[in-house]
Amino acid sequence: ERTAQALGLDRDRLRALEAALQAVYEERHRVKIVVQDSAEGAPLSTRLTLEPLEPATDARTLAFQRRIATLEAKVAELERELEDARAHVAIEVDLSGVEAAAPAAQAKDTSEDPAQLQRRLMHDARDTETLHALYRAYAKSGDVDRTWCVAHALTFLGAANDDEKAAFVEHRTTGLIRPSTSMTPEAWRRFLFHPEEEVLTGEIFAMIVSPVLLGRVAAMRRDKSLPTLDSSKRQDPAQSTLQAVRCFSWAAAILGMRPPALYADPSYEGLVEMVPNVPPSTRLGQKSLGGRSPLELAFVAGRHLAWYREERFVRLLVPSIQELEELFLAAIVIGNPGIPLRADTKRRVQALASAIEPMLEPLQIDRLRGYFLRFVEEGGRTNLQRWASAADHTAARAGLLLCNDLRAAASMLEIEDAGSAKARVDDLLVFLTSDRYTNLRRQIGIAADSEKRS
């Protein structure tokens with residue numbers, strides 16, 4: 001109710017959204033959520049429970065119970081297999097950069113073609129022979145910044161020769177970058193977005209992210225799982241002496257964003273996290289408040305703030321791809337209520353759409369209608385698993401742009417999730433040696449040849 005008052009919404013709309021989210025959960029997990037009032041006006045307590053069974057008194061009932069337990073175990077196993085299958089939907093093979101070997105007499109020498117070399121790196125980002133060839137091609141053309149970027153990659157991989165090491169050291173900046181201008185929305189889309197992060201999918205999520213945030217906050221408050229932030233720990237970037245706080249303010253200015261409310265909380269053991277609220281806040285933990293270099297903090301700030309852009313913020317609220325799919329379909333249903341869906345899917349999605357739509361402005365609903373038409377015109381298909389992965393890569397690319405140091409980026413990715421760090425670093429290697437990265441660096445004025453060009 002406090003959340004609804006903060007946004008100027010009536011309680012009925014908020015309760016409708018909570019009911020819709022609860023109905024979807026019950027339908028998916030085949031459970032009944034029971035809300036019980038405790039004595040003497042104490043706060044409501046919510047728990048998940050199956051409908052109670054009478055204690056078994058005969059052999060037949062006991063047999064049925066054993067059979068039920070066996071079937072429930074089988075259902076749980078099948079659900080795990082289904083979730084695993086969903087995670088591997090639409091695995092694609094991309095051989096666009098691989099060519100069949102041509103006879104020696106007919107083979108064309110492409111060793112100095114940067115476009116061809118970049119395509120090879122997309123399939124093996126750590127191919128040092130290709131990186132050496134790309135360095136020679138850029139050095140020969142006199143492209144200082146692209147040469148430096150490739151030398152940066154080779155130095156990180158420990159494969160740089162003396163010339164490449166010298167090129168890297170000569171143009172390496174000391175300290176944080178000093179851009180001459182901030183990022184524009186167009187620069188985000190053209191240069192920073194990962195190629196597989198479909199823009200239209202993000203635009204659709206952007207239209208419904210506010211109601212989803214409101215519903216998540218309301219549900220967490222109801223379940224008493226919403227983290228409590230100590231107001232005394234809120235930081236003023238203009239006055240704070242904490243390096244991490246100042247770094248977040250600096251990063252937001254470069255990325256063309258407003259920084260969220262920042263809380264320094266040493267009791268939180270992680271690096272940084274978004275705390276659902278209205279508006280959402282960021283909590284800085286132990287791993288970012290001490291022992292981090294300015295370049296590492298720049299990466300953390302850039303990566304975290306990239307998630308605050310409205311086209312991917314929903315990913316912070318919805319960790320499950322299945323839930324993400326239901327929200328996407330709900331947005332599509334708002335854009336076109338007549339879209340055909342399977343009966344069970346339609347029940348869940350329609351409940352979400354009916355709860356979300358009253359919280360949208362007329363302009364947002366009109367945009368969803370337009371997005372639906374575009375979605376159909378572009379084939380009517382999207383891969384949300386791939387989109388979510390690409391959004392993660394985009395956030396890491398924002399961090400690399402700000403820290404300008406692949407080693408610092410790799411260090412922070414290792415701390416965050418060691419299991420996925422290598423794949424993320426490989427994408428950063430591809431980005432570092434791409435035309436997109438150099439064009440972005442030149443646009444904001446941090447390229448190695450910026451002074452020469454100006």
# chains A, B, ... in the order shown; residues from 1 in each chain; ligands from 1

$ residues_around --residues "stretch 372-375 of chain A" --least-positions-apart "3" --cutoff "9 Å" --atoms "only C-alpha atoms" --output "PyMOL selection string"
chain A and resi 200-201+204+331-333+335-336+367-369+378-382

$ residues_around --residues "stretch 132-146 of chain A" --least-positions-apart "6" --cutoff "10 Å" --atoms "only C-alpha atoms" --output "MDAnalysis selection string"
chainID A and resid 111:118 121 152 154 159:161 164 167:168 171 432:435 437:439 441:442 446:450 452

$ write_last_selection --atoms "C-alpha atoms" --output "PDB file, in the first residue's frame"
ATOM      1  CA  SER A 111      45.729 -12.697 -44.208  1.00  0.00           C
ATOM      2  CA  GLU A 112      45.767  -8.892 -44.353  1.00  0.00           C
ATOM      3  CA  ASP A 113      41.993  -8.380 -44.657  1.00  0.00           C
ATOM      4  CA  PRO A 114      40.814  -6.990 -41.270  1.00  0.00           C
ATOM      5  CA  ALA A 115      37.160  -7.879 -41.898  1.00  0.00           C
ATOM      6  CA  GLN A 116      38.061 -11.509 -42.568  1.00  0.00           C
ATOM      7  CA  LEU A 117      40.345 -11.649 -39.546  1.00  0.00           C
ATOM      8  CA  GLN A 118      37.626 -10.223 -37.297  1.00  0.00           C
ATOM      9  CA  LEU A 121      38.030 -14.088 -34.035  1.00  0.00           C
ATOM     10  CA  HIS A 152      45.872  -4.731 -25.679  1.00  0.00           C
ATOM     11  CA  LEU A 154      47.607  -9.788 -27.171  1.00  0.00           C
ATOM     12  CA  ALA A 159      51.201 -13.449 -26.519  1.00  0.00           C
ATOM     13  CA  ALA A 160      52.425  -9.948 -27.447  1.00  0.00           C
ATOM     14  CA  ASN A 161      55.855  -9.566 -29.065  1.00  0.00           C
ATOM     15  CA  GLU A 164      53.052  -5.105 -29.721  1.00  0.00           C
ATOM     16  CA  ALA A 167      52.426  -0.150 -28.851  1.00  0.00           C
ATOM     17  CA  PHE A 168      50.239  -1.097 -25.908  1.00  0.00           C
ATOM     18  CA  HIS A 171      49.055   4.600 -25.760  1.00  0.00           C
ATOM     19  CA  LEU A 432      37.893  -5.014 -28.042  1.00  0.00           C
ATOM     20  CA  THR A 433      39.178  -5.833 -31.538  1.00  0.00           C
ATOM     21  CA  SER A 434      35.999  -4.833 -33.390  1.00  0.00           C
ATOM     22  CA  ASP A 435      35.163  -1.749 -35.426  1.00  0.00           C
ATOM     23  CA  TYR A 437      34.626  -0.540 -30.098  1.00  0.00           C
ATOM     24  CA  THR A 438      36.976   1.833 -31.939  1.00  0.00           C
ATOM     25  CA  ASN A 439      34.063   3.818 -33.409  1.00  0.00           C
ATOM     26  CA  ARG A 441      35.923   5.254 -28.453  1.00  0.00           C
ATOM     27  CA  ARG A 442      36.311   7.876 -31.166  1.00  0.00           C
ATOM     28  CA  ILE A 446      39.053   8.457 -25.805  1.00  0.00           C
ATOM     29  CA  ALA A 447      40.634   6.804 -28.877  1.00  0.00           C
ATOM     30  CA  ALA A 448      44.443   6.678 -28.982  1.00  0.00           C
ATOM     31  CA  ASP A 449      44.418   8.868 -32.098  1.00  0.00           C
ATOM     32  CA  SER A 450      41.733  11.310 -30.888  1.00  0.00           C
ATOM     33  CA  LYS A 452      45.620  13.539 -33.952  1.00  0.00           C
TER      34      LYS A 452
END

$ residues_around --residues "A:Asp236" --least-positions-apart "4" --cutoff "10 Å" --atoms "only C-alpha atoms" --output "PyMOL selection string"
chain A and resi 240-242+245-246+249+261-263

$ write_last_selection --atoms "C-alpha atoms" --output "PDB file, in the first residue's frame"
ATOM      1  CA  SER A 240      31.144  11.015  -0.226  1.00  0.00           C
ATOM      2  CA  THR A 241      34.772  10.083   0.337  1.00  0.00           C
ATOM      3  CA  LEU A 242      34.187   6.489  -0.793  1.00  0.00           C
ATOM      4  CA  VAL A 245      30.458   5.930  -4.724  1.00  0.00           C
ATOM      5  CA  ARG A 246      32.338   8.586  -6.671  1.00  0.00           C
ATOM      6  CA  SER A 249      28.513   8.937 -10.228  1.00  0.00           C
ATOM      7  CA  ALA A 261      20.411   6.015  -4.890  1.00  0.00           C
ATOM      8  CA  LEU A 262      23.615   4.476  -3.505  1.00  0.00           C
ATOM      9  CA  TYR A 263      23.965   2.745  -0.134  1.00  0.00           C
TER      10      TYR A 263
END

$ select_by_dssp --residues "stretch 251-444 of chain A" --states "strand (DSSP E or B)" --output "list in words"
Ala261, Leu262, Tyr263, Ala264, Val272, Glu273, Met274, Val275, Ser281, Thr282, Arg283 and Leu284 of chain A

$ closest_residue --among "A:Gln65, A:Ser420, A:Ser210, A:Ser182" --to "A:Phe313" --atoms "only C-alpha atoms"
A:Ser210

$ residues_around --residues "stretch 401-410 of chain A" --least-positions-apart "6" --cutoff "6 Å" --atoms "only C-alpha atoms" --output "PyMOL selection string"
chain A and resi 295-296+298-299

$ closest_residue --among "A:Glu79, A:Asp127, A:Asp163, A:Glu311" --to "A:Ala388" --atoms "only C-alpha atoms"
A:Glu311

$ decode --residues "stretch 403-419 of chain A" --atoms "all heavy atoms" --output "tab-separated table (two decimals), in the first residue's frame"
chain	number	residue	atom	x	y	z
A	403	CYS	N	36.39	1.03	-17.94
A	403	CYS	CA	37.65	0.72	-17.25
A	403	CYS	C	38.85	0.73	-18.21
A	403	CYS	O	39.98	0.96	-17.79
A	403	CYS	CB	37.56	-0.62	-16.53
A	403	CYS	SG	37.68	-2.08	-17.59
A	404	ASN	N	38.60	0.46	-19.50
A	404	ASN	CA	39.66	0.52	-20.52
A	404	ASN	C	40.81	-0.43	-20.19
A	404	ASN	O	41.97	-0.17	-20.54
A	404	ASN	CB	40.18	1.97	-20.65
A	404	ASN	CG	40.90	2.21	-21.97
A	404	ASN	OD1	40.52	1.64	-23.00
A	404	ASN	ND2	41.91	3.07	-21.97
A	405	ASP	N	40.48	-1.52	-19.52
A	405	ASP	CA	41.53	-2.46	-19.10
A	405	ASP	C	40.93	-3.85	-19.02
A	405	ASP	O	40.12	-4.14	-18.12
A	405	ASP	CB	42.10	-2.05	-17.75
A	405	ASP	CG	43.30	-2.89	-17.35
A	405	ASP	OD1	43.07	-4.01	-16.84
A	405	ASP	OD2	44.45	-2.45	-17.55
A	406	LEU	N	41.33	-4.72	-19.93
A	406	LEU	CA	40.75	-6.06	-19.99
A	406	LEU	C	41.11	-6.88	-18.76
A	406	LEU	O	40.32	-7.71	-18.31
A	406	LEU	CB	41.24	-6.76	-21.26
A	406	LEU	CG	40.50	-8.03	-21.68
A	406	LEU	CD1	39.00	-7.80	-21.77
A	406	LEU	CD2	41.03	-8.53	-23.01
A	407	ARG	N	42.28	-6.66	-18.21
A	407	ARG	CA	42.68	-7.43	-17.02
A	407	ARG	C	41.77	-7.09	-15.83
A	407	ARG	O	41.37	-7.99	-15.07
A	407	ARG	CB	44.14	-7.16	-16.68
A	407	ARG	CG	44.76	-8.18	-15.75
A	407	ARG	CD	46.27	-8.00	-15.65
A	407	ARG	NE	46.92	-8.11	-16.95
A	407	ARG	CZ	47.18	-9.27	-17.55
A	407	ARG	NH1	46.83	-10.40	-16.97
A	407	ARG	NH2	47.79	-9.28	-18.72
A	408	ALA	N	41.45	-5.82	-15.65
A	408	ALA	CA	40.55	-5.43	-14.56
A	408	ALA	C	39.17	-6.01	-14.78
A	408	ALA	O	38.51	-6.48	-13.83
A	408	ALA	CB	40.48	-3.90	-14.47
A	409	ALA	N	38.70	-6.00	-16.04
A	409	ALA	CA	37.38	-6.56	-16.34
A	409	ALA	C	37.34	-8.05	-16.03
A	409	ALA	O	36.40	-8.55	-15.41
A	409	ALA	CB	37.04	-6.31	-17.81
A	410	ALA	N	38.37	-8.78	-16.46
A	410	ALA	CA	38.42	-10.22	-16.21
A	410	ALA	C	38.45	-10.53	-14.72
A	410	ALA	O	37.83	-11.50	-14.26
A	410	ALA	CB	39.64	-10.83	-16.91
A	411	SER	N	39.17	-9.72	-13.96
A	411	SER	CA	39.26	-9.93	-12.52
A	411	SER	C	37.88	-9.82	-11.86
A	411	SER	O	37.51	-10.64	-11.02
A	411	SER	CB	40.22	-8.92	-11.91
A	411	SER	OG	40.22	-9.00	-10.50
A	412	MET	N	37.11	-8.81	-12.25
A	412	MET	CA	35.79	-8.61	-11.66
A	412	MET	C	34.80	-9.69	-12.11
A	412	MET	O	33.96	-10.14	-11.33
A	412	MET	CB	35.26	-7.22	-12.01
A	412	MET	CG	36.02	-6.08	-11.36
A	412	MET	SD	35.93	-6.10	-9.54
A	412	MET	CE	37.42	-7.00	-9.11
A	413	LEU	N	34.90	-10.12	-13.36
A	413	LEU	CA	34.02	-11.18	-13.84
A	413	LEU	C	34.31	-12.49	-13.12
A	413	LEU	O	33.40	-13.28	-12.83
A	413	LEU	CB	34.18	-11.37	-15.35
A	413	LEU	CG	33.61	-10.24	-16.22
A	413	LEU	CD1	33.98	-10.44	-17.68
A	413	LEU	CD2	32.10	-10.15	-16.06
A	414	GLU	N	35.57	-12.74	-12.80
A	414	GLU	CA	35.96	-13.94	-12.06
A	414	GLU	C	35.37	-13.92	-10.66
A	414	GLU	O	34.91	-14.94	-10.15
A	414	GLU	CB	37.48	-14.03	-11.99
A	414	GLU	CG	38.01	-15.33	-11.41
A	414	GLU	CD	37.87	-16.51	-12.34
A	414	GLU	OE1	37.75	-16.31	-13.57
A	414	GLU	OE2	37.87	-17.65	-11.83
A	415	ILE	N	35.38	-12.76	-10.02
A	415	ILE	CA	34.82	-12.64	-8.67
A	415	ILE	C	33.31	-12.84	-8.71
A	415	ILE	O	32.73	-13.49	-7.85
A	415	ILE	CB	35.16	-11.25	-8.07
A	415	ILE	CG1	36.66	-11.19	-7.74
A	415	ILE	CG2	34.33	-10.97	-6.83
A	415	ILE	CD1	37.11	-9.83	-7.26
A	416	GLU	N	32.68	-12.27	-9.73
A	416	GLU	CA	31.22	-12.34	-9.83
A	416	GLU	C	30.73	-13.76	-10.09
A	416	GLU	O	29.81	-14.25	-9.44
A	416	GLU	CB	30.74	-11.42	-10.96
A	416	GLU	CG	29.24	-11.38	-11.12
A	416	GLU	CD	28.83	-10.50	-12.28
A	416	GLU	OE1	28.95	-9.27	-12.16
A	416	GLU	OE2	28.39	-11.04	-13.31
A	417	ASP	N	31.35	-14.45	-11.07
A	417	ASP	CA	30.93	-15.81	-11.41
A	417	ASP	C	32.07	-16.49	-12.17
A	417	ASP	O	32.19	-16.33	-13.38
A	417	ASP	CB	29.65	-15.78	-12.26
A	417	ASP	CG	29.11	-17.18	-12.53
A	417	ASP	OD1	29.77	-18.16	-12.14
A	417	ASP	OD2	28.03	-17.29	-13.14
A	418	ALA	N	32.87	-17.25	-11.45
A	418	ALA	CA	34.05	-17.87	-12.06
A	418	ALA	C	33.67	-18.84	-13.17
A	418	ALA	O	34.39	-18.98	-14.16
A	418	ALA	CB	34.87	-18.60	-10.99
A	419	GLY	N	32.51	-19.48	-13.05
A	419	GLY	CA	32.11	-20.47	-14.04
A	419	GLY	C	31.84	-19.91	-15.42
A	419	GLY	O	32.07	-20.57	-16.43
